[in-house]
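Engineer: Below is entry.tsv; it holds TSV, C-alpha atoms and all ligand atoms.
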```tsv
chain	number	residue	atom	x	y	z
A	1	MET	CA	4.21	11.88	-3.48
A	2	VAL	CA	4.37	12.20	0.30
A	3	THR	CA	5.68	15.58	1.38
A	4	ASN	CA	6.72	16.70	4.82
A	5	ASP	CA	7.56	20.35	5.34
A	6	GLN	CA	9.18	20.71	8.78
A	7	ASN	CA	8.10	24.37	9.10
A	8	ARG	CA	4.39	23.65	8.79
A	9	PRO	CA	2.08	22.38	11.54
A	10	LEU	CA	1.68	18.60	11.58
A	11	LEU	CA	-2.06	18.89	11.01
A	12	GLU	CA	-4.01	21.76	9.45
A	13	VAL	CA	-7.80	21.54	9.42
A	14	ALA	CA	-9.40	24.48	7.59
A	15	GLY	CA	-13.12	25.17	7.11
A	16	VAL	CA	-14.14	21.52	7.21
A	17	SER	CA	-17.82	20.63	6.81
A	18	LYS	CA	-19.50	17.23	6.59
A	19	THR	CA	-23.13	16.43	5.83
A	20	TYR	CA	-24.91	13.08	5.99
A	21	GLY	CA	-28.13	13.34	3.99
A	22	LYS	CA	-29.86	16.45	5.33
A	23	GLN	CA	-27.89	16.47	8.60
A	24	THR	CA	-24.88	18.78	8.76
A	25	VAL	CA	-22.59	16.99	11.23
A	26	LEU	CA	-19.53	19.29	11.06
A	27	LYS	CA	-19.72	23.02	10.29
A	28	ASN	CA	-16.65	25.02	9.29
A	29	VAL	CA	-14.25	23.28	11.68
A	30	SER	CA	-10.71	24.74	11.75
A	31	PHE	CA	-7.71	24.04	13.99
A	32	THR	CA	-4.05	23.11	13.76
A	33	MET	CA	-1.79	20.73	15.67
A	34	GLN	CA	1.96	21.01	16.07
A	35	PRO	CA	4.26	17.97	15.98
A	36	GLY	CA	4.18	16.18	19.34
A	37	GLU	CA	1.22	18.20	20.61
A	38	ARG	CA	-1.59	16.48	22.57
A	39	VAL	CA	-5.07	17.84	21.88
A	40	ALA	CA	-8.28	16.62	23.53
A	41	LEU	CA	-11.64	16.82	21.75
A	42	MET	CA	-14.67	16.92	24.02
A	43	GLY	CA	-18.37	17.22	23.21
A	44	PRO	CA	-21.70	15.54	23.85
A	45	SER	CA	-22.72	12.29	22.14
A	46	GLY	CA	-23.68	12.92	18.54
A	47	SER	CA	-21.75	16.21	18.33
A	48	GLY	CA	-19.56	14.89	15.49
A	49	LYS	CA	-16.39	13.76	17.32
A	50	SER	CA	-16.03	10.38	15.62
A	51	THR	CA	-16.95	11.90	12.27
A	52	LEU	CA	-14.08	14.40	12.66
A	53	LEU	CA	-11.67	11.63	13.70
A	54	ASN	CA	-12.61	9.60	10.61
A	55	LEU	CA	-11.83	12.62	8.44
A	56	LEU	CA	-8.43	13.03	10.12
A	57	SER	CA	-7.57	9.40	9.46
A	58	GLY	CA	-8.55	9.74	5.79
A	59	ILE	CA	-11.24	7.04	6.12
A	60	ASP	CA	-13.84	9.63	5.13
A	61	HIS	CA	-13.62	12.92	3.21
A	62	PRO	CA	-15.01	16.37	4.06
A	63	ASP	CA	-17.62	17.95	1.78
A	64	ASN	CA	-15.85	21.31	2.12
A	65	GLY	CA	-12.55	22.49	3.50
A	66	GLN	CA	-9.09	21.01	3.71
A	67	ILE	CA	-7.19	18.61	5.93
A	68	LEU	CA	-3.42	18.70	5.55
A	69	LEU	CA	-1.31	16.10	7.35
A	70	ALA	CA	2.40	16.85	7.09
A	71	SER	CA	1.42	19.10	4.15
A	72	ASN	CA	-0.44	16.26	2.34
A	73	ASP	CA	-4.04	17.12	1.44
A	74	LEU	CA	-5.94	14.03	2.59
A	75	ALA	CA	-8.96	14.68	0.33
A	76	ARG	CA	-6.84	15.11	-2.78
A	77	ALA	CA	-4.11	12.56	-2.08
A	78	SER	CA	-3.84	9.59	-4.42
A	79	ALA	CA	-4.82	6.17	-3.08
A	80	SER	CA	-1.15	5.20	-2.82
A	81	THR	CA	-0.25	8.35	-0.87
A	82	LEU	CA	-3.18	7.75	1.50
A	83	THR	CA	-2.06	4.16	2.01
A	84	HIS	CA	1.48	5.36	2.71
A	85	ILE	CA	0.21	7.95	5.22
A	86	ARG	CA	-1.94	5.34	7.01
A	87	ARG	CA	0.89	2.81	7.16
A	88	HIS	CA	3.60	5.20	8.28
A	89	HIS	CA	2.21	8.40	9.81
A	90	ILE	CA	-1.13	7.74	11.56
A	91	SER	CA	-2.44	5.19	14.06
A	92	THR	CA	-5.90	4.84	15.52
A	93	ILE	CA	-6.94	3.57	18.96
A	94	PHE	CA	-10.59	2.60	19.47
A	95	GLN	CA	-12.91	2.28	22.45
A	96	PHE	CA	-13.21	-1.49	21.93
A	97	PHE	CA	-9.54	-2.18	21.06
A	98	HIS	CA	-10.08	-3.91	17.66
A	99	LEU	CA	-7.35	-6.50	18.31
A	100	LEU	CA	-7.35	-9.41	15.88
A	101	PRO	CA	-8.70	-12.35	17.90
A	102	THR	CA	-6.73	-15.09	16.11
A	103	LEU	CA	-3.36	-13.42	16.76
A	104	THR	CA	-1.43	-13.30	20.05
A	105	ALA	CA	-0.62	-10.00	21.77
A	106	SER	CA	2.86	-9.98	20.16
A	107	GLU	CA	1.49	-10.84	16.73
A	108	ASN	CA	-1.09	-8.05	16.97
A	109	ILE	CA	1.72	-5.55	17.55
A	110	GLU	CA	3.99	-7.10	14.94
A	111	LEU	CA	1.35	-7.01	12.19
A	112	THR	CA	1.59	-3.19	11.96
A	113	LEU	CA	5.33	-3.57	11.40
A	114	GLN	CA	4.90	-6.26	8.75
A	115	ILE	CA	2.49	-3.98	6.89
A	116	ALA	CA	4.99	-1.11	7.19
A	117	GLY	CA	7.71	-3.35	5.71
A	118	VAL	CA	9.98	-3.52	8.78
A	119	ALA	CA	12.55	-6.39	8.69
A	120	ALA	CA	12.03	-9.45	10.93
A	121	GLN	CA	14.79	-8.87	13.51
A	122	GLU	CA	13.85	-5.21	13.93
A	123	ARG	CA	10.20	-6.25	14.32
A	124	LYS	CA	11.12	-8.64	17.15
A	125	ASN	CA	13.17	-5.94	18.90
A	126	ARG	CA	10.43	-3.36	18.66
A	127	VAL	CA	7.67	-5.75	19.79
A	128	ASN	CA	9.73	-6.69	22.87
A	129	GLU	CA	10.46	-3.03	23.68
A	130	LEU	CA	6.79	-2.13	23.34
A	131	LEU	CA	5.56	-5.05	25.45
A	132	GLU	CA	7.93	-3.85	28.14
A	133	ALA	CA	6.77	-0.24	27.77
A	134	VAL	CA	3.12	-1.24	28.33
A	135	GLU	CA	4.13	-3.72	31.10
A	136	LEU	CA	2.78	-6.79	29.33
A	137	THR	CA	5.90	-8.84	28.53
A	138	SER	CA	4.38	-11.72	30.49
A	139	HIS	CA	1.33	-11.66	28.16
A	140	ALA	CA	3.27	-11.78	24.88
A	141	ASN	CA	1.72	-15.08	23.79
A	142	ALA	CA	-1.76	-14.47	25.18
A	143	HIS	CA	-4.75	-14.24	22.84
A	144	PRO	CA	-7.06	-11.21	23.15
A	145	ASP	CA	-9.93	-13.22	24.66
A	146	THR	CA	-7.74	-13.97	27.70
A	147	LEU	CA	-6.82	-10.29	28.26
A	148	SER	CA	-8.75	-7.82	30.43
A	149	GLY	CA	-10.06	-4.62	28.86
A	150	GLY	CA	-7.17	-2.61	30.27
A	151	GLU	CA	-4.61	-5.15	29.05
A	152	SER	CA	-6.22	-5.21	25.59
A	153	GLN	CA	-6.04	-1.43	25.37
A	154	ARG	CA	-2.37	-1.44	26.39
A	155	ILE	CA	-1.65	-3.92	23.57
A	156	ALA	CA	-3.59	-1.62	21.23
A	157	ILE	CA	-1.41	1.29	22.40
A	158	ALA	CA	1.75	-0.76	21.73
A	159	ARG	CA	0.38	-1.62	18.27
A	160	ALA	CA	-0.38	2.06	17.60
A	161	LEU	CA	3.17	3.10	18.53
A	162	ALA	CA	4.96	0.27	16.71
A	163	HIS	CA	5.58	1.94	13.34
A	164	ARG	CA	6.49	5.25	15.03
A	165	PRO	CA	3.66	7.36	13.59
A	166	LYS	CA	3.55	11.16	13.73
A	167	LEU	CA	-0.06	11.22	14.96
A	168	ILE	CA	-2.19	8.90	17.09
A	169	LEU	CA	-5.96	9.32	16.85
A	170	ALA	CA	-7.74	7.88	19.89
A	171	ASP	CA	-11.56	7.63	19.96
A	172	GLU	CA	-12.71	7.37	23.60
A	173	PRO	CA	-9.88	4.94	24.49
A	174	THR	CA	-10.97	4.72	28.13
A	175	GLY	CA	-14.71	4.60	27.36
A	176	SER	CA	-15.05	0.89	28.10
A	177	LEU	CA	-12.55	0.68	31.00
A	178	ASP	CA	-12.92	0.95	34.78
A	179	SER	CA	-11.36	4.07	36.27
A	180	LYS	CA	-8.13	2.37	37.39
A	181	SER	CA	-7.40	0.77	33.97
A	182	GLY	CA	-8.55	3.98	32.33
A	183	GLN	CA	-6.04	6.02	34.33
A	184	LYS	CA	-3.23	3.59	33.48
A	185	THR	CA	-4.17	3.81	29.79
A	186	LEU	CA	-4.10	7.62	29.93
A	187	ASP	CA	-0.75	7.68	31.74
A	188	LEU	CA	0.79	5.34	29.16
A	189	LEU	CA	-0.62	7.32	26.25
A	190	LYS	CA	0.73	10.56	27.69
A	191	ASN	CA	4.15	9.22	28.65
A	192	LEU	CA	4.80	7.23	25.48
A	193	THR	CA	3.61	9.95	23.07
A	194	GLU	CA	5.76	12.46	24.97
A	195	LYS	CA	8.80	10.16	24.94
A	196	HIS	CA	8.53	9.46	21.20
A	197	GLN	CA	7.32	12.98	20.23
A	198	ILE	CA	4.09	11.69	18.72
A	199	ALA	CA	1.09	14.02	18.48
A	200	LEU	CA	-2.11	12.74	20.11
A	201	PHE	CA	-5.69	13.65	19.18
A	202	LEU	CA	-7.78	12.31	22.04
A	203	VAL	CA	-11.57	12.15	21.74
A	204	THR	CA	-13.01	11.82	25.23
A	205	HIS	CA	-15.96	12.43	27.52
A	206	SER	CA	-13.69	12.57	30.52
A	207	PRO	CA	-12.30	15.83	31.92
A	208	GLU	CA	-9.52	13.78	33.61
A	209	ALA	CA	-8.51	12.39	30.22
A	210	ALA	CA	-8.62	15.84	28.62
A	211	ALA	CA	-6.42	17.16	31.43
A	212	THR	CA	-3.56	14.89	30.26
A	213	CYS	CA	-3.46	16.91	27.01
A	214	ASP	CA	-1.88	20.29	26.23
A	215	ARG	CA	-5.24	21.81	25.30
A	216	THR	CA	-8.90	20.96	24.76
A	217	LEU	CA	-11.22	21.64	21.83
A	218	ASN	CA	-14.98	21.59	22.46
A	219	LEU	CA	-17.37	20.47	19.77
A	220	HIS	CA	-21.06	21.41	20.00
A	221	ASP	CA	-23.50	20.47	17.24
A	222	GLY	CA	-20.62	20.22	14.79
A	223	THR	CA	-19.01	23.56	15.61
A	224	LEU	CA	-15.85	24.17	17.64
A	225	ILE	CA	-16.57	26.57	20.50
B	301	LIG	N1	-22.07	7.22	8.31
B	301	LIG	C1	-23.05	7.99	8.79
B	301	LIG	N2	-24.23	8.13	8.13
B	301	LIG	C2	-25.22	8.92	8.60
B	301	LIG	N3	-25.14	9.62	9.75
B	301	LIG	C3	-24.02	9.52	10.47
B	301	LIG	C4	-22.91	8.70	10.03
B	301	LIG	N4	-21.91	8.82	10.95
B	301	LIG	C5	-22.38	9.65	11.90
B	301	LIG	N5	-23.64	10.07	11.61
B	301	LIG	C6	-24.43	11.01	12.42
B	301	LIG	O1	-23.63	12.14	12.69
B	301	LIG	C7	-23.83	12.63	14.00
B	301	LIG	C8	-22.50	12.68	14.74
B	301	LIG	O2	-22.03	11.35	14.95
B	301	LIG	P1	-20.63	11.03	15.60
B	301	LIG	O3	-19.57	11.71	14.83
B	301	LIG	O4	-20.54	9.55	15.72
B	301	LIG	O5	-20.77	11.72	17.03
B	301	LIG	P2	-19.95	11.50	18.39
B	301	LIG	O6	-18.74	10.67	18.08
B	301	LIG	O7	-19.63	12.88	18.85
B	301	LIG	O8	-20.88	10.82	19.34
B	301	LIG	C9	-24.85	11.70	14.65
B	301	LIG	O9	-26.11	12.30	14.57
B	301	LIG	C10	-24.78	10.46	13.80
B	301	LIG	O10	-26.01	9.80	13.79
B	302	MG	MG	-18.07	8.85	18.79
```
The structure given in the file should be rewritten as structure tokens.

Structural biologist:
Amino acid sequence: MVTNDQNRPLLEVAGVSKTYGKQTVLKNVSFTMQPGERVALMGPSGSGKSTLLNLLSGIDHPDNGQILLASNDLARASASTLTHIRRHHISTIFQFFHLLPTLTASENIELTLQIAGVAAQERKNRVNELLEAVELTSHANAHPDTLSGGESQRIAIARALAHRPKLILADEPTGSLDSKSGQKTLDLLKNLTEKHQIALFLVTHSPEAAATCDRTLNLHDGTLI
């Protein structure tokens, strides 16, 4: 069953460790996030940032410790609870967008809503609202291969917001963009998560990106410092 205790933090990470073979990638990582809070995660390449993000999205499990999302223990949740959490509570934004190439911009956004079981008319309304919010109404019927990097990432942001998740996980979302598109992406992420009270966990190399968040965590060799 999916639980959601309003008095608890949105995300509670406690004593999380992760080892690949002989390499300990995360060591005793603990932090919490409140609903609507924006937290940046910085750290050198190979410090374990993506590994931590994959644990938060439930794609991978920690060897030790606990991750509670809206009071649901991700490591111990049933497959159906995990599926429900992924469809309704979490979204992920990647460095290279991961749009489906055979679908138009609109259809990429709408797919999230189909998976979440949203009715057709409501899907249309939300897709139109989101295209407007990311300033890409004119590109509704464009396929990803005709979009610039910045435009692709704005569609990916619209897709991530579509089912109104509680938490967006973004893994270096400006890492493949020029500074102008990167800044626009960061502004949209900040403004839209603020407007819709969605928490944002932003993995980044960029101090400018981290500065759009409420606070910054620093990961070094798998330990938060
Ligand atoms: N699936 C995996 N199998 C083995 N080693 C991995 C795997 N994923 C990540 N690693 C290793 O864990 C370390 C941290 O990787 P990663 O989390 O991708 O770092 P970052 O995102 O901070 O650059 C690296 O040394 C990487 O090679
Ligand atoms: Mg990474």

Engineer: Atom CA of His205 of chain A to atom CA of Ser181 of chain A: how many Å, to one decimal?

Structural biologist: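 Interatomic distance here is 15.8 Å.
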
Engineer: Quick one: residues within 8 Å of segment 21-36 of chain A, all atoms listed in the file, excluding same-chain residues fewer than 3 positions away - as a VMD selection string?

Structural biologist: chain A and resid 9 to 18 39 47 to 48 51 to 52 65 166 to 167 193 to 194 197 to 200 221 to 224

Engineer: Show me the residues around (5.0, -1.7, 32.5) - criterion: an atom at most 12 Å away, all atoms listed in the file counted - as a count of residues only.

Structural biologist: 22

Engineer: Residues within 10 Å of ligand MG 302 (chain B) (all atoms listed in the file), as number ranges by chain?

Structural biologist: A: 43-54, 94-95, 171-172, 203-205

Engineer: From the list A:Ala105, A:Thr19, A:Lys180, A:Ser91, which residue is nearest Pro62 of chain A when using all atoms listed in the file?

Structural biologist: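 Checking each candidate against Pro62 of chain A, we get A:Thr19 as the closest.
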
Engineer: Quick one: of A:Val118, A:Ile59, A:Ala142, A:Leu103, who's nearest to ligand LIG 301 (chain B), counting only C-alpha atoms and all ligand atoms?

Structural biologist: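 Closest candidate: A:Ile59.
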